[in-house]
Amino acid sequence: MDATATPETILKLSNIESYYGPIMAIRGISLEVPRGRIVTLLGANGAGKTTVLKTISGILDPQKGTIEFLGRPIQRMEADRIVRLGLSHVPEGREVFPFLSVRENLMMGAYPRKDRDGVAEDIERVYGYFPRLKERINQPAGQLSGGEQQMLAIGRALMNRPTLLLLDEPSLGLSPLLVKEIFTIIRRVNEEQGMSILLVEQNAKVALETAHYGYVLEIGRIVMNDTCDRLMHSQDIQEFYLGAKEAGARGERRWKKKKTWR
Amino acid sequence: MLDFVQQLVSGVALGCVYGLIALGFVLVYKATEVVNFAQGDLMMLGGFFAFTFIGMMGLNYWLGFAGAVAAMALFGMVAERVVVRPILGYPQFSIIMVTIGLGYFLRSVAGMIWGTDDLKIDTPFSQGVLRMGSLVLAYDKLSVIAATMILCTLLWLFFNKTMLGTAMRASSENMLAAYYMGIPVKRVVSVVWAISAAVATCAGVLLAPITFIHSNVGLVLGLKAFPAAVLGGFGSIPGAVVGGVLIGVIESMAGFYLPEGGRTSRPTSCCSPCCS
Ligand SMILES: Nc1ncnc2c1ncn2[C@@H]1O[C@H](COP(=O)(O)OP(=O)(O)OP(=O)(O)O)[C@@H](O)[C@H]1O
Ligand SMILES: [Mg+2]
């Protein structure tokens with residue numbers, strides 16, 4: 001979480017605007033992801049977090065603005081070419097291939113790659129991160145539990161050996177224990193492989209603990225951005241995203257005070 | 001008993017052809033949720049291509065067969081690109097009308113080019129029989145069954161053992177996720193159309209010794225293959241082949257054991273007076 005030497009920026013969004021038909025979902029967003037860092041994007045339901053990720057990975061084309069990935073403009077590129085540049089997306093709600101086996105799902109993550117040896121190595125690495133997947137190697141992905149499917153979705157994206165990983169709400173619908181497990185892996189992937197990660201989360205506490213830098217999104221606009229340390233101690237964040245109960249000693253006191261006022 | 005076995009074999013042979021056409025329906029439907037009503041006409045066109053290569057240009061049977069399959073694979077890709085893709089995303093009804101229109105178009109064009117006579121391709125299996133005791137089985141029927149089995153095995157291997165085949169299954173299960181994986185979904189759909197046209201061509205060429213090729217053969221057989229696909233669950237590749245075989249066997253048995261007129265199975269009797 002040190003910010004001494006600023007590393008090179010690998011993803012840079014400038015004034016991005018995205019629409020769903022006539023509805024403007026993203027209203028001019030700029031953000032940056034430095035190499036080797038975890039950046040989190042927080043926001044309430046419907047703030048536009050998923051839309052930002054979809055716009056980056058080329059599922060949605062922005063109406064205005066530019067997206068640079070590794071110095072290259074990618075805002076009008078086809079989704080499959082963006083993946084080939086080394087940008088993988090773990091979509092909201094897992095989106096595994098239900099009738100394909102766990103192994104086949106992982107192999108699909110490596111579809112753009114041609115180096116068989118590297119793929120074989122990476123599949124073992126993924127099994128190392130998620131031993132539970134290895135036990136279910138031949139099982140159809142649709143038969144996995146929600147948590148296992150999330151592991152599979154992350155593992156599948158890692159199979160592309162991406163430079164940048166986009167993660168959309170990996171904690172969705174998981175037990176606190178499993179959330180902890182998954183975020184431990186996310187941190188490990190970041191530290192061991194130096195993979196840059198853009199993390200979208202509802203669970204602000206775990207996101208702020210995991211990431212280095214954070215942006216807060218409200219109705220399609222960035223309203224705040226800072227290091228996670230500072231965000232964690234900002235009053236607004238504590239009130240709106242952390243909820244007093246989870247915010248530690250200081251937050252709890254504030255909450256009690258507030259309660260007595262009413 | 002002998003009659004029964006002979007009827008069974010010819011029913012299975014005919015059913016294999018239905019199954020192959022049904023397989024084309026299923027492949028395209030699974031990949032794009034488009035029911036391609038021109039599937040039978042792709043078969044017809046493949047038969048004419050083979051006739052052109054073998055009967056008119058005098059190529060070797062196998063060479064002509066391969067040429068027809070390759071030409072039709074290309075044709076399937078072009079048809080998808082030019083006719084179907086521009087209308088994807090419109091209501092299902094429009095897409096169905098477009099494929100029906102494509103079928104009409106192909107039948108008319110085939111009639112203009114190759115005429116309306118019944119044509120025949122000479123194959124290595126056109127003559128000859130296999131005798132086992134007093135059981136006599138024609139090679140042409142047996143060849144259809146054998147070829148279908150080989151084709152199904154190849155397709156199974158392709159869909160289960162290759163990256164491209166697995167990517168096709170993946171795209172048909174969850175197209176959005178396939179985009180996320182960097183699978184070039186549009187190209188995959190082109191290949192699906194190529195395969196389904198190629199399989200239809202195989203059906204057409206295999207069928208040639210059993211019936212004749214004429215411009216309406218695809219309509220007639222397509223309308224029998226469609227229920228085969230439905231019978232198989234309209235999404236299952238083995239189901240399509242089993243469904244086809246079932247319909248073929250029933251048709252053949254009904255023709256033999258039921259009084260005259262029972263052969264033409266239901267689905268065609270309502271819409272094609274020209275059949276059988
Ligand atoms: N496919 C769509 N068509 C039309 N509008 C959409 C579509 N998807 C999202 N929206 C709208 O765009 C806005 C942003 O949605 P988005 O999914 O990006 O929110 P989010 O921040 O990811 O929310 P959540 O935390 O609930 O996942 C919302 O107002 C939503 O209603
Ligand atoms: Mg979302």
# chains A, B, ... in the order shown; residues from 1 in each chain; ligands from 1
$ residues_near_ligand --ligand "ligand 2" --cutoff "9 Å" --atoms "only C-alpha atoms and all ligand atoms" --output "list in words"
Asn45, Gly46, Ala47, Gly48, Lys49, Thr50, Thr51, Leu53, Pro91, Glu92, Gly93, Asp168, Glu169, Val200, Glu201 and Gln202 of chain A
$ residues_around --residues "Glu181 in chain A" --least-positions-apart "4" --cutoff "12 Å" --atoms "only C-alpha atoms" --output "number ranges by chain"
A: 129-132, 147-148, 150-151, 170-171, 174-177, 185-188, 206
$ closest_residue --among "A:Ala211, A:Val223, A:Met24, A:Leu85" --to "ligand 1" --atoms "only C-alpha atoms and all ligand atoms"
A:Met24
$ residues_around --residues "Leu221 in chain B" --least-positions-apart "5" --cutoff "10 Å" --atoms "only C-alpha atoms" --output "list in words"
Leu14, Val17, Tyr18, Ile21, Ala22, Gln39, Gly40, Asp41, Met43, Met44, Gly204, Asn216, Phe226, Thr268 and Cys275 of chain B
$ atom_distance --atom1 "CA of Leu164 in chain A" --atom2 "CA of Val39 in chain A"
10.7 Å
$ residues_around --residues "Leu119 in chain B" --least-positions-apart "4" --cutoff "12 Å" --atoms "only C-alpha atoms" --output "tab-separated table (two decimals) with N, CA and C atoms, in the first residue's frame"
chain	number	residue	atom	x	y	z
B	44	MET	N	-29.86	-30.63	-50.87
B	44	MET	CA	-30.18	-30.73	-52.30
B	44	MET	C	-29.06	-30.11	-53.13
B	47	GLY	N	-26.06	-32.22	-53.24
B	47	GLY	CA	-26.25	-33.33	-54.17
B	47	GLY	C	-25.99	-32.89	-55.60
B	48	PHE	N	-26.50	-31.71	-55.95
B	48	PHE	CA	-26.27	-31.21	-57.31
B	48	PHE	C	-24.80	-30.90	-57.57
B	49	PHE	N	-24.14	-30.35	-56.58
B	49	PHE	CA	-22.71	-30.09	-56.73
B	49	PHE	C	-21.98	-31.39	-57.00
B	50	ALA	N	-22.32	-32.42	-56.21
B	50	ALA	CA	-21.67	-33.71	-56.40
B	50	ALA	C	-21.98	-34.25	-57.79
B	51	PHE	N	-23.23	-34.09	-58.22
B	51	PHE	CA	-23.59	-34.56	-59.56
B	51	PHE	C	-22.76	-33.84	-60.62
B	52	THR	N	-22.60	-32.53	-60.43
B	52	THR	CA	-21.82	-31.75	-61.39
B	52	THR	C	-20.38	-32.26	-61.46
B	54	ILE	N	-19.15	-35.22	-60.36
B	54	ILE	CA	-18.98	-36.64	-60.70
B	54	ILE	C	-19.65	-36.97	-62.03
B	55	GLY	N	-20.94	-36.61	-62.15
B	55	GLY	CA	-21.69	-37.00	-63.33
B	55	GLY	C	-21.33	-36.18	-64.56
B	56	MET	N	-21.14	-34.89	-64.41
B	56	MET	CA	-20.90	-34.03	-65.57
B	56	MET	C	-19.42	-33.86	-65.87
B	111	GLY	N	-33.34	-25.46	-59.93
B	111	GLY	CA	-34.19	-25.86	-61.05
B	111	GLY	C	-33.74	-25.21	-62.34
B	114	TRP	N	-29.96	-26.90	-63.11
B	114	TRP	CA	-29.84	-28.34	-63.36
B	114	TRP	C	-31.12	-28.95	-63.93
B	115	GLY	N	-32.14	-28.12	-64.15
B	115	GLY	CA	-33.38	-28.64	-64.70
B	115	GLY	C	-34.22	-29.33	-63.64
B	205	VAL	N	-25.26	-36.70	-50.87
B	205	VAL	CA	-24.49	-37.59	-51.74
B	205	VAL	C	-24.76	-39.05	-51.36
B	207	LEU	N	-27.43	-40.15	-50.13
B	207	LEU	CA	-28.79	-40.45	-50.50
B	207	LEU	C	-28.92	-40.77	-51.99
B	208	ALA	N	-28.00	-40.21	-52.77
B	208	ALA	CA	-28.12	-40.27	-54.22
B	208	ALA	C	-28.41	-41.67	-54.77
B	209	PRO	N	-27.74	-42.72	-54.30
B	209	PRO	CA	-28.08	-44.03	-54.86
B	209	PRO	C	-29.46	-44.53	-54.44
B	210	ILE	N	-29.97	-44.05	-53.32
B	210	ILE	CA	-31.26	-44.56	-52.83
B	210	ILE	C	-32.43	-43.87	-53.53
B	211	THR	N	-32.42	-42.56	-53.53
B	211	THR	CA	-33.44	-41.85	-54.31
B	211	THR	C	-32.71	-41.08	-55.41
B	212	PHE	N	-33.38	-40.21	-56.07
B	212	PHE	CA	-32.72	-39.39	-57.07
B	212	PHE	C	-32.59	-37.98	-56.55
B	213	ILE	N	-31.76	-37.21	-57.25
B	213	ILE	CA	-31.63	-35.81	-56.87
B	213	ILE	C	-32.53	-34.98	-57.77
B	214	HIS	N	-33.38	-34.20	-57.16
B	214	HIS	CA	-34.15	-33.21	-57.92
B	214	HIS	C	-34.32	-32.00	-57.03
B	215	SER	N	-34.81	-30.92	-57.60
B	215	SER	CA	-34.72	-29.66	-56.86
B	215	SER	C	-35.62	-29.64	-55.63
B	216	ASN	N	-36.61	-30.55	-55.56
B	216	ASN	CA	-37.48	-30.54	-54.40
B	216	ASN	C	-37.11	-31.56	-53.34
B	217	VAL	N	-36.04	-32.30	-53.59
B	217	VAL	CA	-35.69	-33.37	-52.66
B	217	VAL	C	-35.39	-32.81	-51.26
$ interface_residues --of "chain A" --to "chain B" --cutoff "9 Å" --atoms "only C-alpha atoms" --output "PyMOL selection string"
chain A and resi 57-59+78-84+88-91+94-100+104-105+107-112+156-157+160
$ closest_residue --among "B:Val83, B:Ile250, B:Ala240, B:Ile121" --to "Gly64 in chain B" --atoms "only C-alpha atoms"
B:Ile121
$ select_by_dssp --residues "range 87-262 of chain A" --states "alpha helix (DSSP H)" --output "ChimeraX atom specification"
/A:102-109,116-129,131-135,146-158,176-193,204-210,228-233,235-237,243-246,248-261
$ closest_residue --among "B:Asp117, B:Asp122, B:Tyr257, B:Gly165" --to "Phe53 in chain B" --atoms "only C-alpha atoms"
B:Asp122
$ select_by_dssp --residues "range 15-222 of chain A" --states "strand (DSSP E or B)" --output "ChimeraX atom specification"
/A:15-20,23-34,38-43,64-69,72-73,87-90,101,140,164-168,196-201,213-218,221-222
$ closest_residue --among "A:His212, A:Arg76, A:Arg103, A:Lys180" --to "Leu152 in chain A" --atoms "only C-alpha atoms"
A:Arg103
$ residues_around --residues "Thr163 in chain A" --least-positions-apart "3" --cutoff "12 Å" --atoms "only C-alpha atoms" --output "PyMOL selection string"
chain A and resi 9-11+33-38+69-70+82-89+157-160+166+189-190+193-198
$ atom_distance --atom1 "CA of Lys64 in chain A" --atom2 "CA of Ile16 in chain A"
5.5 Å
$ closest_residue --among "A:Glu192, A:Glu32, A:Glu8, A:Glu17" --to "ligand 1" --atoms "only C-alpha atoms and all ligand atoms"
A:Glu17
$ atom_distance --atom1 "CA of Ala146 in chain B" --atom2 "CA of Cys16 in chain B"
9.5 Å
$ residues_around --residues "Ala71 in chain B" --least-positions-apart "5" --cutoff "10 Å" --atoms "only C-alpha atoms" --output "number ranges by chain"
B: 46, 49-50, 65-66, 76, 194, 197-198, 201
$ write_last_selection --atoms "N, CA, C and O atoms" --output "PDB file, in the first residue's frame"
ATOM      1  N   GLY B  46     -25.998 -29.607 -52.280  1.00  0.00           N
ATOM      2  CA  GLY B  46     -24.799 -30.448 -52.167  1.00  0.00           C
ATOM      3  C   GLY B  46     -24.876 -31.626 -53.123  1.00  0.00           C
ATOM      4  O   GLY B  46     -23.893 -31.971 -53.784  1.00  0.00           O
ATOM      5  N   PHE B  49     -24.142 -30.350 -56.576  1.00  0.00           N
ATOM      6  CA  PHE B  49     -22.711 -30.086 -56.726  1.00  0.00           C
ATOM      7  C   PHE B  49     -21.976 -31.391 -57.003  1.00  0.00           C
ATOM      8  O   PHE B  49     -21.145 -31.477 -57.910  1.00  0.00           O
ATOM      9  N   ALA B  50     -22.322 -32.419 -56.211  1.00  0.00           N
ATOM     10  CA  ALA B  50     -21.671 -33.707 -56.399  1.00  0.00           C
ATOM     11  C   ALA B  50     -21.984 -34.252 -57.786  1.00  0.00           C
ATOM     12  O   ALA B  50     -21.100 -34.793 -58.468  1.00  0.00           O
ATOM     13  N   PHE B  65     -17.017 -36.116 -54.291  1.00  0.00           N
ATOM     14  CA  PHE B  65     -17.653 -36.054 -52.977  1.00  0.00           C
ATOM     15  C   PHE B  65     -16.963 -34.980 -52.132  1.00  0.00           C
ATOM     16  O   PHE B  65     -17.607 -34.045 -51.618  1.00  0.00           O
ATOM     17  N   ALA B  66     -15.633 -35.076 -52.040  1.00  0.00           N
ATOM     18  CA  ALA B  66     -14.876 -34.127 -51.226  1.00  0.00           C
ATOM     19  C   ALA B  66     -15.049 -32.706 -51.762  1.00  0.00           C
ATOM     20  O   ALA B  66     -15.222 -31.753 -50.992  1.00  0.00           O
ATOM     21  N   GLY B  76     -22.152 -22.540 -47.128  1.00  0.00           N
ATOM     22  CA  GLY B  76     -22.822 -22.363 -45.843  1.00  0.00           C
ATOM     23  C   GLY B  76     -22.321 -21.122 -45.130  1.00  0.00           C
ATOM     24  O   GLY B  76     -23.097 -20.334 -44.572  1.00  0.00           O
ATOM     25  N   ALA B 194     -20.745 -23.790 -41.819  1.00  0.00           N
ATOM     26  CA  ALA B 194     -19.961 -24.571 -42.775  1.00  0.00           C
ATOM     27  C   ALA B 194     -20.121 -26.059 -42.479  1.00  0.00           C
ATOM     28  O   ALA B 194     -20.359 -26.864 -43.383  1.00  0.00           O
ATOM     29  N   ALA B 197     -23.637 -27.307 -43.375  1.00  0.00           N
ATOM     30  CA  ALA B 197     -23.812 -27.463 -44.822  1.00  0.00           C
ATOM     31  C   ALA B 197     -23.015 -28.665 -45.328  1.00  0.00           C
ATOM     32  O   ALA B 197     -23.471 -29.397 -46.209  1.00  0.00           O
ATOM     33  N   ALA B 198     -21.837 -28.881 -44.751  1.00  0.00           N
ATOM     34  CA  ALA B 198     -21.014 -30.018 -45.169  1.00  0.00           C
ATOM     35  C   ALA B 198     -21.689 -31.335 -44.805  1.00  0.00           C
ATOM     36  O   ALA B 198     -21.712 -32.275 -45.610  1.00  0.00           O
ATOM     37  N   THR B 201     -24.473 -31.969 -47.130  1.00  0.00           N
ATOM     38  CA  THR B 201     -23.981 -32.454 -48.416  1.00  0.00           C
ATOM     39  C   THR B 201     -23.672 -33.942 -48.350  1.00  0.00           C
ATOM     40  O   THR B 201     -24.010 -34.695 -49.271  1.00  0.00           O
TER      41      THR B 201
END
